[in-house]
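Asker: Enclosed is the structure file start-v4.txt (compact mmCIF, C-alpha atoms and all ligand atoms).
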```
# COMPACT_ATOMS: atom_id res chain seq x y z
CA MET A 805 233.36 113.93 67.66
CA ALA A 806 231.09 113.09 70.57
CA ASP A 807 227.80 113.44 68.70
CA GLY A 808 228.81 111.16 65.86
CA ALA A 809 230.59 108.56 67.99
CA ALA A 810 227.48 106.52 68.86
CA GLY A 811 226.17 106.62 65.30
CA PHE A 812 229.55 105.59 63.94
CA ALA A 813 229.88 102.70 66.40
CA ALA A 814 226.55 101.36 65.11
CA VAL A 815 227.55 101.40 61.44
CA GLN A 816 231.25 100.52 61.89
CA PRO A 817 230.83 96.71 61.58
CA HIS A 818 229.29 97.23 58.13
CA LEU A 819 232.32 99.15 56.91
CA ARG A 820 234.79 96.30 57.39
CA ASN A 821 234.20 94.71 53.98
CA ARG A 822 232.82 97.74 52.17
CA LEU A 823 234.76 100.59 50.60
CA THR A 824 234.27 103.97 52.24
CA SER A 825 234.97 106.55 49.58
CA LEU A 826 235.18 110.24 50.47
CA PHE A 827 235.58 113.30 48.28
CA GLY A 828 236.12 116.98 48.95
CA HIS A 829 237.23 120.07 47.05
CA ARG A 830 239.18 122.40 49.33
CA VAL A 831 240.59 122.37 52.86
CA ALA A 832 241.16 125.92 54.05
CA ASP A 833 240.57 128.49 56.74
CA ASP A 834 240.17 131.37 54.33
CA ARG A 835 236.94 132.23 52.57
CA CYS A 836 237.12 131.48 48.85
CA PRO A 837 234.66 133.56 46.77
CA PHE A 838 234.50 130.85 44.07
CA VAL A 839 232.94 128.28 46.40
CA ALA A 840 231.72 130.34 49.39
CA ASN A 841 228.15 130.42 48.02
CA LEU A 842 228.11 126.75 46.98
CA TYR A 843 229.19 124.62 49.93
CA ARG A 844 231.02 124.59 53.26
CA HIS A 845 234.40 122.83 53.10
CA PRO A 846 236.47 121.68 56.11
CA THR A 847 238.91 124.05 57.77
CA GLU A 848 242.50 122.91 58.21
CA ALA A 849 241.90 121.99 61.86
CA GLU A 850 238.69 120.14 60.98
CA PHE A 851 240.47 118.20 58.26
CA SER A 852 243.40 117.27 60.51
CA GLY A 853 240.95 116.08 63.16
CA ALA A 854 239.03 114.05 60.57
CA LEU A 855 242.26 112.52 59.26
CA ALA A 856 243.26 111.41 62.77
CA PHE A 857 239.85 109.78 63.19
CA LEU A 858 240.02 108.07 59.79
CA GLU A 859 243.54 106.77 60.43
CA THR A 860 242.31 105.16 63.64
CA HIS A 861 239.29 103.44 62.13
CA PHE A 862 240.19 102.77 58.49
CA THR A 863 242.97 101.63 56.15
CA PHE A 864 243.61 104.13 53.37
CA VAL A 865 243.79 102.62 49.89
CA THR A 866 245.13 104.04 46.62
CA LEU A 867 243.28 104.61 43.35
CA ASP A 868 245.20 101.68 41.83
CA ALA A 869 243.98 99.38 44.60
CA VAL A 870 240.38 100.54 44.11
CA VAL A 871 240.57 99.98 40.35
CA ALA A 872 242.21 96.57 40.83
CA HIS A 873 239.44 95.61 43.23
CA PHE A 874 236.43 96.68 41.20
CA ARG A 875 237.79 95.80 37.74
CA ASP A 876 239.88 92.72 38.50
CA GLY A 877 238.48 91.40 41.78
CA ARG A 878 241.62 91.97 43.86
CA PRO A 879 240.87 92.08 47.59
CA LEU A 880 240.98 95.25 49.64
CA PRO A 881 242.14 95.39 53.28
CA ASP A 882 239.56 95.51 56.07
CA TYR A 883 237.92 98.90 56.59
CA PRO A 884 239.19 100.28 53.28
CA LEU A 885 238.96 104.03 52.71
CA PHE A 886 239.56 105.94 49.48
CA LEU A 887 240.08 109.70 49.72
CA SER A 888 239.75 112.05 46.74
CA PHE A 889 239.44 115.73 45.86
CA ASP A 890 237.75 117.17 42.78
CA ASP A 891 238.25 120.21 40.51
CA GLY A 892 242.01 120.79 40.92
CA PHE A 893 242.14 123.84 43.14
CA ARG A 894 245.63 125.23 43.83
CA ASN A 895 244.68 124.57 47.44
CA ALA A 896 245.42 120.89 46.70
CA VAL A 897 249.17 121.50 46.44
CA GLU A 898 249.34 124.29 49.00
CA ARG A 899 247.24 122.90 51.84
CA ILE A 900 245.93 119.37 51.25
CA ALA A 901 248.99 117.55 49.88
CA PRO A 902 251.39 118.68 52.66
CA VAL A 903 249.00 117.46 55.39
CA LEU A 904 248.43 114.12 53.64
CA ARG A 905 252.14 113.67 52.99
CA ALA A 906 253.04 114.32 56.60
CA ALA A 907 250.46 111.72 57.63
CA GLY A 908 251.52 109.25 54.91
CA VAL A 909 247.97 109.12 53.56
CA PRO A 910 247.27 108.40 49.87
CA ALA A 911 244.67 110.41 47.96
CA THR A 912 243.58 111.07 44.40
CA PHE A 913 242.93 114.41 42.72
CA PHE A 914 240.40 114.53 39.88
CA LEU A 915 241.28 117.43 37.58
CA THR A 916 239.12 119.34 35.09
CA GLU A 917 241.02 120.13 31.88
CA GLY A 918 239.67 123.68 31.54
CA ALA A 919 240.74 124.50 35.08
CA VAL A 920 244.35 123.30 34.76
CA ASP A 921 246.60 126.37 34.24
CA ASN A 922 243.62 128.61 35.08
CA ARG A 923 242.30 128.74 31.55
CA ASP A 924 238.60 128.60 32.33
CA LEU A 925 236.27 129.08 35.29
CA PHE A 926 233.24 126.78 35.43
CA TYR A 927 229.78 128.27 35.70
CA GLY A 928 229.13 127.09 39.25
CA LEU A 929 232.23 128.94 40.47
CA ARG A 930 231.37 132.02 38.38
CA ARG A 931 227.96 132.08 40.01
CA SER A 932 229.44 131.96 43.52
CA TYR A 933 231.98 134.69 42.68
CA LEU A 934 229.28 136.98 41.26
CA ILE A 935 227.01 136.48 44.29
CA ASP A 936 229.98 137.53 46.44
CA ARG A 937 230.64 140.63 44.35
CA LEU A 938 226.97 141.63 44.45
CA GLY A 939 226.88 141.08 48.20
CA SER A 940 229.08 144.12 48.67
CA GLN A 941 226.83 146.34 46.51
CA SER A 942 223.72 148.09 47.70
CA GLY A 943 220.61 148.99 45.71
CA SER A 944 217.62 147.12 44.40
CA HIS A 945 219.29 146.26 41.09
CA ALA A 946 222.16 144.46 42.83
CA ALA A 947 219.71 142.70 45.16
CA GLY A 948 217.57 141.56 42.22
CA LEU A 949 220.59 140.23 40.35
CA ARG A 950 221.83 138.45 43.46
CA ASP A 951 218.45 136.81 44.01
CA ALA A 952 218.37 135.70 40.37
CA LEU A 953 221.86 134.15 40.68
CA GLN A 954 220.96 132.42 43.90
CA THR A 955 217.99 130.65 42.33
CA VAL A 956 219.25 129.76 38.84
CA SER A 957 220.74 126.40 37.91
CA VAL A 958 223.99 126.45 35.95
CA HIS A 959 222.80 123.18 34.37
CA THR A 960 220.39 125.08 32.10
CA HIS A 961 221.07 127.44 29.18
CA GLU A 962 218.90 130.03 30.89
CA GLY A 963 220.90 129.78 34.11
CA ARG A 964 224.21 130.16 32.29
CA ARG A 965 222.80 133.17 30.41
CA THR A 966 221.87 134.76 33.74
CA VAL A 967 225.45 134.23 34.96
CA ASP A 968 226.82 135.78 31.74
CA ALA A 969 224.42 138.73 32.02
CA ALA A 970 225.42 139.40 35.64
CA ALA A 971 229.12 139.24 34.70
CA CYS A 972 228.44 141.72 31.92
CA VAL A 973 226.62 144.13 34.26
CA LEU A 974 229.49 143.93 36.77
CA GLU A 975 232.05 144.23 33.95
CA ILE A 976 233.82 141.06 35.01
CA ASP A 977 236.62 139.86 32.74
CA TRP A 978 236.97 136.20 33.68
CA GLN A 979 240.45 135.89 32.19
CA ALA A 980 241.59 138.81 34.35
CA VAL A 981 239.98 137.23 37.43
CA LEU A 982 241.71 133.92 36.70
CA ALA A 983 245.07 135.63 36.17
CA ALA A 984 244.76 137.61 39.41
CA GLU A 985 243.35 134.91 41.68
CA ARG A 986 244.78 131.69 40.16
CA PRO A 987 242.23 129.45 41.91
CA PHE A 988 243.43 126.29 40.14
CA LEU A 989 246.72 124.44 39.96
CA SER A 990 249.06 124.53 37.00
CA ARG A 991 250.13 121.56 34.92
CA GLU A 992 253.48 121.63 36.77
CA GLU A 993 251.73 121.56 40.14
CA GLY A 994 249.60 118.65 38.93
CA ARG A 995 252.76 116.79 37.97
CA SER A 996 254.24 117.52 41.39
CA LEU A 997 251.23 115.81 43.00
CA ARG A 998 251.93 112.74 40.88
CA GLU A 999 255.62 112.84 41.79
CA MET A 1000 254.64 112.96 45.47
CA GLY A 1001 252.81 109.68 44.88
CA PHE A 1002 249.23 110.93 44.75
CA GLY A 1003 246.76 109.56 42.25
CA LEU A 1004 245.38 111.73 39.45
CA GLY A 1005 242.12 111.27 37.58
CA ALA A 1006 239.89 113.02 35.07
CA HIS A 1007 236.99 115.33 35.95
CA GLY A 1008 235.75 116.53 32.54
CA VAL A 1009 236.90 119.15 30.09
CA THR A 1010 234.31 121.82 30.87
CA HIS A 1011 232.89 120.55 34.18
CA ARG A 1012 229.45 120.31 32.55
CA ARG A 1013 227.08 117.82 34.14
CA LEU A 1014 227.23 114.85 31.75
CA ALA A 1015 223.54 114.01 32.13
CA GLU A 1016 222.83 117.23 30.20
CA LEU A 1017 224.65 115.92 27.12
CA ASP A 1018 223.50 113.32 24.61
CA ASP A 1019 225.39 110.02 24.39
CA ALA A 1020 227.73 111.17 21.60
CA ALA A 1021 228.66 114.45 23.30
CA ARG A 1022 229.08 112.70 26.65
CA THR A 1023 231.36 110.12 25.05
CA ARG A 1024 233.45 112.91 23.47
CA GLU A 1025 233.72 114.79 26.77
CA VAL A 1026 234.97 111.72 28.65
CA ALA A 1027 237.35 110.66 25.84
CA ALA A 1028 238.83 114.18 25.62
CA SER A 1029 239.18 114.41 29.39
CA VAL A 1030 240.95 111.03 29.55
CA ALA A 1031 243.20 111.96 26.60
CA PHE A 1032 244.16 115.22 28.32
CA MET A 1033 245.11 113.46 31.56
CA ARG A 1034 247.22 110.93 29.67
CA ASP A 1035 248.96 113.61 27.64
CA ALA A 1036 249.50 116.16 30.42
CA PHE A 1037 250.44 113.78 33.25
CA GLY A 1038 251.68 110.62 31.55
CA LEU A 1039 248.92 108.40 32.92
CA ASP A 1040 248.21 105.06 31.26
CA ARG A 1041 244.73 104.25 32.56
CA VAL A 1042 242.55 107.08 33.79
CA ALA A 1043 239.63 107.05 36.23
CA PHE A 1044 236.85 109.55 35.60
CA ALA A 1045 234.84 111.34 38.32
CA PHE A 1046 231.54 112.81 37.11
CA PRO A 1047 231.31 116.61 37.50
CA HIS A 1048 228.15 117.41 39.51
CA GLY A 1049 227.61 113.67 40.07
CA ASP A 1050 226.46 110.78 37.94
CA ARG A 1051 222.71 111.17 38.41
CA GLY A 1052 220.89 110.74 35.11
CA VAL A 1053 223.78 108.98 33.36
CA ASP A 1054 222.80 105.53 32.11
CA ALA A 1055 224.76 102.60 33.62
CA ARG A 1056 224.73 100.84 30.25
CA TRP A 1057 226.52 103.80 28.64
CA MET A 1058 229.18 103.58 31.40
CA ALA A 1059 229.67 99.86 30.78
CA GLU A 1060 230.01 100.47 27.03
CA ARG A 1061 232.59 103.23 27.51
CA LEU A 1062 234.70 101.08 29.83
CA ALA A 1063 234.56 98.17 27.38
CA ALA A 1064 235.41 100.41 24.41
CA ASP A 1065 238.22 102.53 25.89
CA PRO A 1066 241.22 100.61 27.29
CA HIS A 1067 242.57 103.83 28.81
CA LEU A 1068 239.46 104.48 30.90
CA SER A 1069 239.67 102.52 34.17
CA LEU A 1070 236.62 103.29 36.34
CA PHE A 1071 233.90 105.89 36.95
CA PHE A 1072 233.44 107.69 40.24
CA GLY A 1073 230.11 109.16 41.33
CA THR A 1074 228.65 111.00 44.28
CA GLY A 1075 225.99 108.60 45.54
CA GLY A 1076 227.40 108.30 49.07
CA TYR A 1077 227.28 104.66 50.22
CA ALA A 1078 225.12 103.62 47.24
CA PRO A 1079 226.31 100.20 46.03
CA SER A 1080 229.49 100.44 43.93
CA GLY A 1081 230.33 97.93 41.24
CA ARG A 1082 232.49 97.03 38.26
CA PHE A 1083 231.85 100.36 36.53
CA MET A 1084 231.07 102.90 39.19
CA VAL A 1085 232.38 103.71 42.65
CA HIS A 1086 230.23 106.06 44.70
CA ARG A 1087 231.65 108.62 47.08
CA VAL A 1088 230.50 110.49 50.19
CA ALA A 1089 230.88 114.29 50.15
CA LEU A 1090 233.11 115.87 52.80
CA ASP A 1091 231.59 119.26 52.02
CA ARG A 1092 228.35 120.27 53.66
CA SER A 1093 225.49 122.52 52.63
CA LEU A 1094 225.70 126.20 53.51
CA GLU A 1095 222.77 125.76 55.88
CA ASP A 1096 224.70 123.18 57.94
CA ASP A 1097 226.64 125.46 60.27
CA GLY A 1098 227.24 123.01 63.13
CA PRO A 1099 230.70 121.61 63.93
CA PHE A 1100 232.33 119.36 61.32
CA ASP A 1101 232.00 115.81 62.63
CA ILE A 1102 233.48 113.13 60.38
CA ALA A 1103 232.06 110.27 62.48
CA ALA A 1104 228.54 111.71 62.18
CA LEU A 1105 229.05 112.43 58.49
CA ILE A 1106 230.01 108.80 57.75
CA ALA A 1107 227.30 107.35 60.01
CA GLY A 1108 224.65 109.59 58.43
CA ALA A 1109 225.70 108.74 54.86
CA PHE A 1110 225.77 105.01 55.60
CA SER A 1111 222.41 105.05 57.38
CA ARG A 1112 220.76 106.87 54.44
CA ALA A 1113 222.13 104.30 51.97
CA ALA A 1114 221.25 101.38 54.25
CA ALA A 1115 217.63 102.57 54.38
CA LYS A 1116 217.52 103.08 50.62
CA TYR A 1117 219.40 100.05 49.32
CA GLY A 1118 219.35 97.55 52.16
CA ILE A 1119 222.30 97.09 54.44
CA HIS A 1120 223.74 93.82 53.15
CA THR A 1121 223.54 94.63 49.45
CA GLN A 1122 227.23 94.69 48.78
CA SER A 1123 230.64 94.04 50.26
CA THR A 1124 234.28 94.03 49.22
CA GLY A 1125 235.00 90.63 50.80
ZN ZN B 1 233.69 119.12 40.32
```
Take the structure in the file and give it back as structure tokens.
Answerer:
Amino acid sequence: MADGAAGFAAVQPHLRNRLTSLFGHRVADDRCPFVANLYRHPTEAEFSGALAFLETHFTFVTLDAVVAHFRDGRPLPDYPLFLSFDDGFRNAVERIAPVLRAAGVPATFFLTEGAVDNRDLFYGLRRSYLIDRLGSQSGSHAAGLRDALQTVSVHTHEGRRTVDAAACVLEIDWQAVLAAERPFLSREEGRSLREMGFGLGAHGVTHRRLAELDDAARTREVAASVAFMRDAFGLDRVAFAFPHGDRGVDARWMAERLAADPHLSLFFGTGGYAPSGRFMVHRVALDRSLEDDGPFDIAALIAGAFSRAAAKYGIHTQSTG
């Protein structure tokens, strides 16, 4: 923590009346082929260390408190912190929930409909898995395919076709992979998170980036995702976290959706400490890029994210007071 301590001390006063919102995906010591080529997530020791730091410096708040604050103007405690995890990995019930429960820390899990019960594997995770498989093969053909996968974007038709072509060459049956590996939690496991007191939210049906879709398709994706979460987990109002972030999605569309759908409570994005408001709460990523192989330092991570936003938006733009 030493490196980040000074940076954190400098930004700490600004976090008293401003929500700090963090999101991750997995907390694990083992290497997961579905994400190993996408990002670096905290190990169990790193997460426990981060949690101890956060408990010292912040007050954890629930999803309900965050919604009540941004939609209805209810106050939040000083140094509020909202913790969330996206995608619905089985890791959430096996590793994350037990640690949070033992510490008495609330958190929210945003689930993708297609992932629940291991019915579908999103393209980003397919890409990582294929890169892993190709890594163990020699020959120029494998190397060429691996290079192609490493450079494509799964947000384009062409990129998804490349992923499909590589899976075909490697004779990958995704349903068999899902059945064998079970990377995601089941509906029952999702319900158990709710019974343990954790918040649940929506994270799309297909995990497509919503900026790729036109307004009508985007509206359908969010409505279907919210309907699924209500039906599967008995939620009344559902918060929605944008898969792959909110960049490119019009704020006016968000405002219209929230006004039109009484069961949709709030959007969550990935803009770090970008100003949050009545429609959108931004979050800071716990995961790091693959190139960042230094020690995990939560104090430095928060200080860095706040400093970037302060430079971009101005430091006194917004508060929860
Ligand atoms: Zn996601």
Asker: Dump as a Markdown table the rows for residues of chain A within 7 Å of ligand ZN 1 (chain B): closest atom pair and distance in Å with one decimal, all atoms listed in the file counted, ordered by chain and rising residue number.
Answerer:
```
| residue | atom | partner | partner_atom | distance |
| --- | --- | --- | --- | --- |
| A:Asp890 | CA | B:ZN1 | ZN | 5.1 |
| A:Asp891 | CA | B:ZN1 | ZN | 4.7 |
| A:His1007 | CA | B:ZN1 | ZN | 6.7 |
| A:His1011 | CA | B:ZN1 | ZN | 6.4 |
| A:Pro1047 | CA | B:ZN1 | ZN | 4.5 |
| A:His1048 | CA | B:ZN1 | ZN | 5.9 |
```
Asker: What does the distance between CA of Ser996 in chain A and CA of Val871 in chain A come to in Å, to one decimal place?
Answerer: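 Straight-line distance from CA of Ser996 in chain A to CA of Val871 in chain A works out to 22.3 Å.
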Asker: Which distance in Å separates CA of Tyr883 in chain A and CA of Leu1068 in chain A, to one decimal?
Answerer: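 Distance between the two atoms: 26.3 Å.
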Asker: What is the CA of Glu850 in chain A-CA of Ala832 in chain A distance in Å, reported with one decimal?
Answerer: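 Taking CA of Glu850 in chain A as the start and CA of Ala832 in chain A as the end point, the length is 9.4 Å.
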Asker: Taking all atoms of range 887-898 of chain A that the file lists and extending 3 Å past them on each side, where is the centre of the axis-aligned box and how long are its edges? Answer in Å to one decimal, as AutoDock Vina command-line options.
Answerer:
```
--center_x 243.5 --center_y 117.5 --center_z 45.1 --size_x 17.6 --size_y 21.5 --size_z 15.2
```
Asker: Within 9 Å of Ile935 in chain A, counting only C-alpha atoms, which residues show up once you throw out same-chain ones fewer than 3 positions away? Write them as a list of chain:residue names, please.
Answerer: A:Pro837, A:Asn841, A:Arg930, A:Arg931, A:Ser932, A:Leu938, A:Gly939, A:Leu949, A:Arg950, A:Asp951, A:Leu953, A:Gln954
Asker: Which residues are near Arg830 in chain A? Cut-off 8 Å, only C-alpha atoms, ignore same chain within fewer than 3 positions. Put them as a list in words.
Answerer: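 Contacts, in chain order: His845, Pro846, Phe889, Phe893, Asn895, Ala896 and Ile900 of chain A.
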Asker: Let me make sure I understand: among A:Val956, A:Ala1103, A:Ala1109, A:Ala911, which one has the smallest atom-to-atom distance to Val1088 in chain A if we use all atoms listed in the file?
Answerer: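 Closest candidate: A:Ala1109.
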Asker: I'd like to know which of A:Ala952, A:Leu915, A:Ala984, A:Met1058 is closest to Val1009 in chain A, using all atoms listed in the file.
Answerer: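 Counting all atoms listed in the file, the residue closest to Val1009 in chain A is A:Leu915.
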Asker: Which one of A:Ile976, A:Asp1040, A:Ala840, A:Ala813 sits closest to Asp1091 in chain A if you count only C-alpha atoms?
Answerer: A:Ala840
Asker: Here is a test: counting only C-alpha atoms, which residue of A:Ala1045, A:Asp1054, A:Glu975, A:Pro987 is nearest to Phe1071 in chain A?
Answerer: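 Smallest distance to Phe1071 in chain A is found for A:Ala1045.
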Asker: For Pro884 in chain A, which of A:Leu842, A:Ala856, A:Ala971, A:Leu823 is the closest residue, counting all atoms listed in the file?
Answerer: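 Looking at the shortest contact to Pro884 in chain A, the residue is A:Leu823.
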Asker: Would you kindly return, as a VMD selection string, each protein, DNA or RNA residue with an atom no farther than 12 Å from any atom of Glu999 in chain A, considering only C-alpha atoms and excluding same-chain residues fewer than 3 positions away?
Answerer: chain A and resid 897 901 905 992 to 996 1002 to 1004 1037 to 1039
Asker: Compile the contact shell of Leu819 in chain A as a PyMOL selection string: residues with an atom at most 10 Å away, counting all atoms listed in the file, same-chain residues fewer than 6 positions apart removed.
Answerer: chain A and resi 812+861-862+882-885+1106+1110+1123-1124
Asker: Can you sort out range 911-937 of chain A so it carries N, CA and C atoms, written as an mmCIF file, in the coordinates of the input?
Answerer:
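File part-v3.cif, as written:
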```cif
data_model
loop_
_atom_site.group_PDB
_atom_site.id
_atom_site.type_symbol
_atom_site.label_atom_id
_atom_site.label_comp_id
_atom_site.auth_asym_id
_atom_site.auth_seq_id
_atom_site.Cartn_x
_atom_site.Cartn_y
_atom_site.Cartn_z
ATOM 1 N N ALA A 911 245.915 109.773 48.424
ATOM 2 C CA ALA A 911 244.670 110.410 47.960
ATOM 3 C C ALA A 911 244.768 110.601 46.456
ATOM 4 N N THR A 912 243.632 110.873 45.849
ATOM 5 C CA THR A 912 243.580 111.070 44.400
ATOM 6 C C THR A 912 242.919 112.410 44.103
ATOM 7 N N PHE A 913 243.464 113.113 43.119
ATOM 8 C CA PHE A 913 242.930 114.410 42.720
ATOM 9 C C PHE A 913 242.363 114.306 41.316
ATOM 10 N N PHE A 914 241.065 114.561 41.180
ATOM 11 C CA PHE A 914 240.400 114.530 39.880
ATOM 12 C C PHE A 914 240.393 115.946 39.294
ATOM 13 N N LEU A 915 241.047 116.097 38.140
ATOM 14 C CA LEU A 915 241.280 117.430 37.580
ATOM 15 C C LEU A 915 240.407 117.689 36.342
ATOM 16 N N THR A 916 239.885 118.904 36.254
ATOM 17 C CA THR A 916 239.120 119.340 35.090
ATOM 18 C C THR A 916 240.065 120.045 34.123
ATOM 19 N N GLU A 917 240.057 119.602 32.856
ATOM 20 C CA GLU A 917 241.020 120.130 31.880
ATOM 21 C C GLU A 917 240.977 121.660 31.800
ATOM 22 N N GLY A 918 239.788 122.224 31.691
ATOM 23 C CA GLY A 918 239.670 123.680 31.540
ATOM 24 C C GLY A 918 240.234 124.457 32.713
ATOM 25 N N ALA A 919 240.258 123.820 33.886
ATOM 26 C CA ALA A 919 240.740 124.500 35.080
ATOM 27 C C ALA A 919 242.265 124.506 35.160
ATOM 28 N N VAL A 920 242.885 123.426 34.656
ATOM 29 C CA VAL A 920 244.350 123.300 34.760
ATOM 30 C C VAL A 920 245.007 124.494 34.054
ATOM 31 N N ASP A 921 245.927 125.149 34.728
ATOM 32 C CA ASP A 921 246.600 126.370 34.240
ATOM 33 C C ASP A 921 245.660 127.575 34.236
ATOM 34 N N ASN A 922 244.537 127.467 34.936
ATOM 35 C CA ASN A 922 243.620 128.610 35.080
ATOM 36 C C ASN A 922 243.153 129.183 33.749
ATOM 37 N N ARG A 923 242.767 128.266 32.849
ATOM 38 C CA ARG A 923 242.300 128.740 31.550
ATOM 39 C C ARG A 923 240.814 129.065 31.539
ATOM 40 N N ASP A 924 240.040 128.372 32.361
ATOM 41 C CA ASP A 924 238.600 128.600 32.330
ATOM 42 C C ASP A 924 238.037 128.458 33.751
ATOM 43 N N LEU A 925 236.945 129.138 33.982
ATOM 44 C CA LEU A 925 236.270 129.080 35.290
ATOM 45 C C LEU A 925 234.880 128.505 35.056
ATOM 46 N N PHE A 926 234.550 127.384 35.697
ATOM 47 C CA PHE A 926 233.240 126.780 35.430
ATOM 48 C C PHE A 926 232.108 127.670 35.952
ATOM 49 N N TYR A 927 230.919 127.402 35.415
ATOM 50 C CA TYR A 927 229.780 128.270 35.700
ATOM 51 C C TYR A 927 229.379 128.274 37.169
ATOM 52 N N GLY A 928 229.498 127.132 37.833
ATOM 53 C CA GLY A 928 229.130 127.090 39.250
ATOM 54 C C GLY A 928 229.995 128.051 40.058
ATOM 55 N N LEU A 929 231.293 128.079 39.740
ATOM 56 C CA LEU A 929 232.230 128.940 40.470
ATOM 57 C C LEU A 929 232.031 130.402 40.092
ATOM 58 N N ARG A 930 231.682 130.645 38.805
ATOM 59 C CA ARG A 930 231.370 132.020 38.380
ATOM 60 C C ARG A 930 230.176 132.548 39.166
ATOM 61 N N ARG A 931 229.178 131.682 39.308
ATOM 62 C CA ARG A 931 227.960 132.080 40.010
ATOM 63 C C ARG A 931 228.282 132.496 41.453
ATOM 64 N N SER A 932 229.079 131.658 42.146
ATOM 65 C CA SER A 932 229.440 131.960 43.520
ATOM 66 C C SER A 932 230.218 133.289 43.613
ATOM 67 N N TYR A 933 231.156 133.478 42.689
ATOM 68 C CA TYR A 933 231.980 134.690 42.680
ATOM 69 C C TYR A 933 231.114 135.939 42.479
ATOM 70 N N LEU A 934 230.149 135.841 41.550
ATOM 71 C CA LEU A 934 229.280 136.980 41.260
ATOM 72 C C LEU A 934 228.367 137.302 42.440
ATOM 73 N N ILE A 935 227.855 136.257 43.110
ATOM 74 C CA ILE A 935 227.010 136.480 44.290
ATOM 75 C C ILE A 935 227.822 137.232 45.348
ATOM 76 N N ASP A 936 229.096 136.846 45.492
ATOM 77 C CA ASP A 936 229.980 137.530 46.440
ATOM 78 C C ASP A 936 230.152 139.001 46.082
ATOM 79 N N ARG A 937 230.422 139.252 44.809
ATOM 80 C CA ARG A 937 230.640 140.630 44.350
ATOM 81 C C ARG A 937 229.390 141.480 44.576
#
```
